[in-house]
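Engineer: Below is one structure. I have some questions about it.
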Amino acid sequence: TLLESRAMLEGLWPAAFRFSAPRPLKIGIFEDLLADVARRGLPFDADILKKALEVYTSRYVYQRALSKQDCRFDLDGNPAGEVSAEQKARAYGLVKRVERRQEARKAAADGEKAAKVGVSHPDA
């Protein structure tokens with residue numbers, strides 16, 4: 001879940017994972033996580049790490065950060081590579097899709113409110 005992923009990632013790797021203000025992660029961060037878990041003897045397997053990482057990177061705010069930022073970061077919060085133009089464009093497309101869906105939901109909700117007002121106030 002989101003809360004479990006957040007607690008684990010921010011708790012163990014606070015320099016890399018910030019759910020409220022994410023930064024693009026370096027390519028290969030999953031392998032770095034596996035190695036760090038093994039080195040530290042942490043009780044997490046690859047599946048748990050993969051799911052937590054998917055929760056983190058699939059979020060709108062992460063994709064928005066990926067679409068706008070140039071630098072990627074490692075587990076220690078150090079610069080570790082760049083976000084390519086293609087990666088930025090893909091993230092931007094995902095962000096725009098989410099925004100269009102949100103706008104459509106808002107428009108539908110506004111339309112329902114307007115219809116209810118019209119029904120309850122026939123003179124309007």
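Letters A, B, ... mark the chains of the structure tokens in the order given; residue numbers begin at 1 per chain; ligand numbers begin at 1, in order shown.
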Using only C-alpha atoms, which protein or nucleic acid residues come within 8 Å of range 91-103 of chain A? Drop anything in the same chain fewer than 4 positions from it, and give the result as a ChimeraX atom specification.

Structural biologist: /A:60,63-64,66-67,87,107

Engineer: Write out as a ChimeraX atom specification which residues come within 10 Å of Ile48 in chain A when counting only C-alpha atoms, dropping same-chain ones fewer than 6 positions away.

Structural biologist: /A:5,8,54

Engineer: What is the CA of Glu4 in chain A-CA of Tyr56 in chain A distance in Å, reported with one decimal?

Structural biologist: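 Computed distance, CA of Glu4 in chain A to CA of Tyr56 in chain A, equals 11.0 Å.
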
Engineer: So, with only C-alpha atoms as the atoms that count, which of A:Leu75, A:Ala109, A:Ala115, A:Ile29 lies closest to Leu53 in chain A?

Structural biologist: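 So, comparing all the options, the nearest one is A:Ile29.
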
Engineer: Pick the closest to Asp76 in chain A from A:Phe44, A:Asp32, A:Leu49, A:Ser20: which is it, counting only C-alpha atoms?

Structural biologist: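 So, comparing all the options, the nearest one is A:Asp32.
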
Engineer: Identify which of the residues A:Ala65, A:Leu42, A:Ala52, A:Ala7 lies closest to Pro22 in chain A, counting only C-alpha atoms when measuring atom-to-atom distances.

Structural biologist: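 When distances to Pro22 in chain A are compared using only C-alpha atoms, the smallest one comes from A:Ala65.
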
Engineer: Applying 9 Å and only C-alpha atoms, which residues near Cys71 in chain A remain after dropping the ones on its own chain fewer than 5 positions away? List them as a ChimeraX atom specification.

Structural biologist: /A:23-26,66,79-83

Engineer: Generate a file of the selected residues that holds C-alpha atoms, formatted as a JSON list (two decimals), in the first residue's frame.

Structural biologist:
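Okay, this is what ended up in again.json:
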```
[["chain", "number", "residue", "atom", "x", "y", "z"],
["A", 23, "ARG", "CA", 13.05, 13.62, -7.47],
["A", 24, "PRO", "CA", 13.84, 11.33, -10.39],
["A", 25, "LEU", "CA", 15.60, 8.16, -9.30],
["A", 26, "LYS", "CA", 18.73, 6.88, -11.01],
["A", 66, "LEU", "CA", 10.42, 13.31, -14.01],
["A", 79, "PRO", "CA", 23.24, 13.17, -8.61],
["A", 80, "ALA", "CA", 23.42, 9.98, -10.66],
["A", 81, "GLY", "CA", 22.57, 10.46, -14.30],
["A", 82, "GLU", "CA", 20.19, 12.53, -16.34],
["A", 83, "VAL", "CA", 16.58, 12.31, -17.40]]
```

Engineer: Take CA of Gln69 in chain A and CA of Lys88 in chain A and report the distance between them in Å, one decimal.

Structural biologist: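 These atoms are spaced 8.1 Å apart.
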
Engineer: As a VMD selection string, please: every residue in range 7-42 of chain A that a backbone DSSP assignment puts in helix (DSSP H, G or I).

Structural biologist: chain A and resid 7 to 12 29 to 40

Engineer: Determine the nearest neighbour of Ser84 in chain A from the options A:Leu12, A:Lys106, A:Asp70, A:Lys51, counting only C-alpha atoms.

Structural biologist: A:Asp70
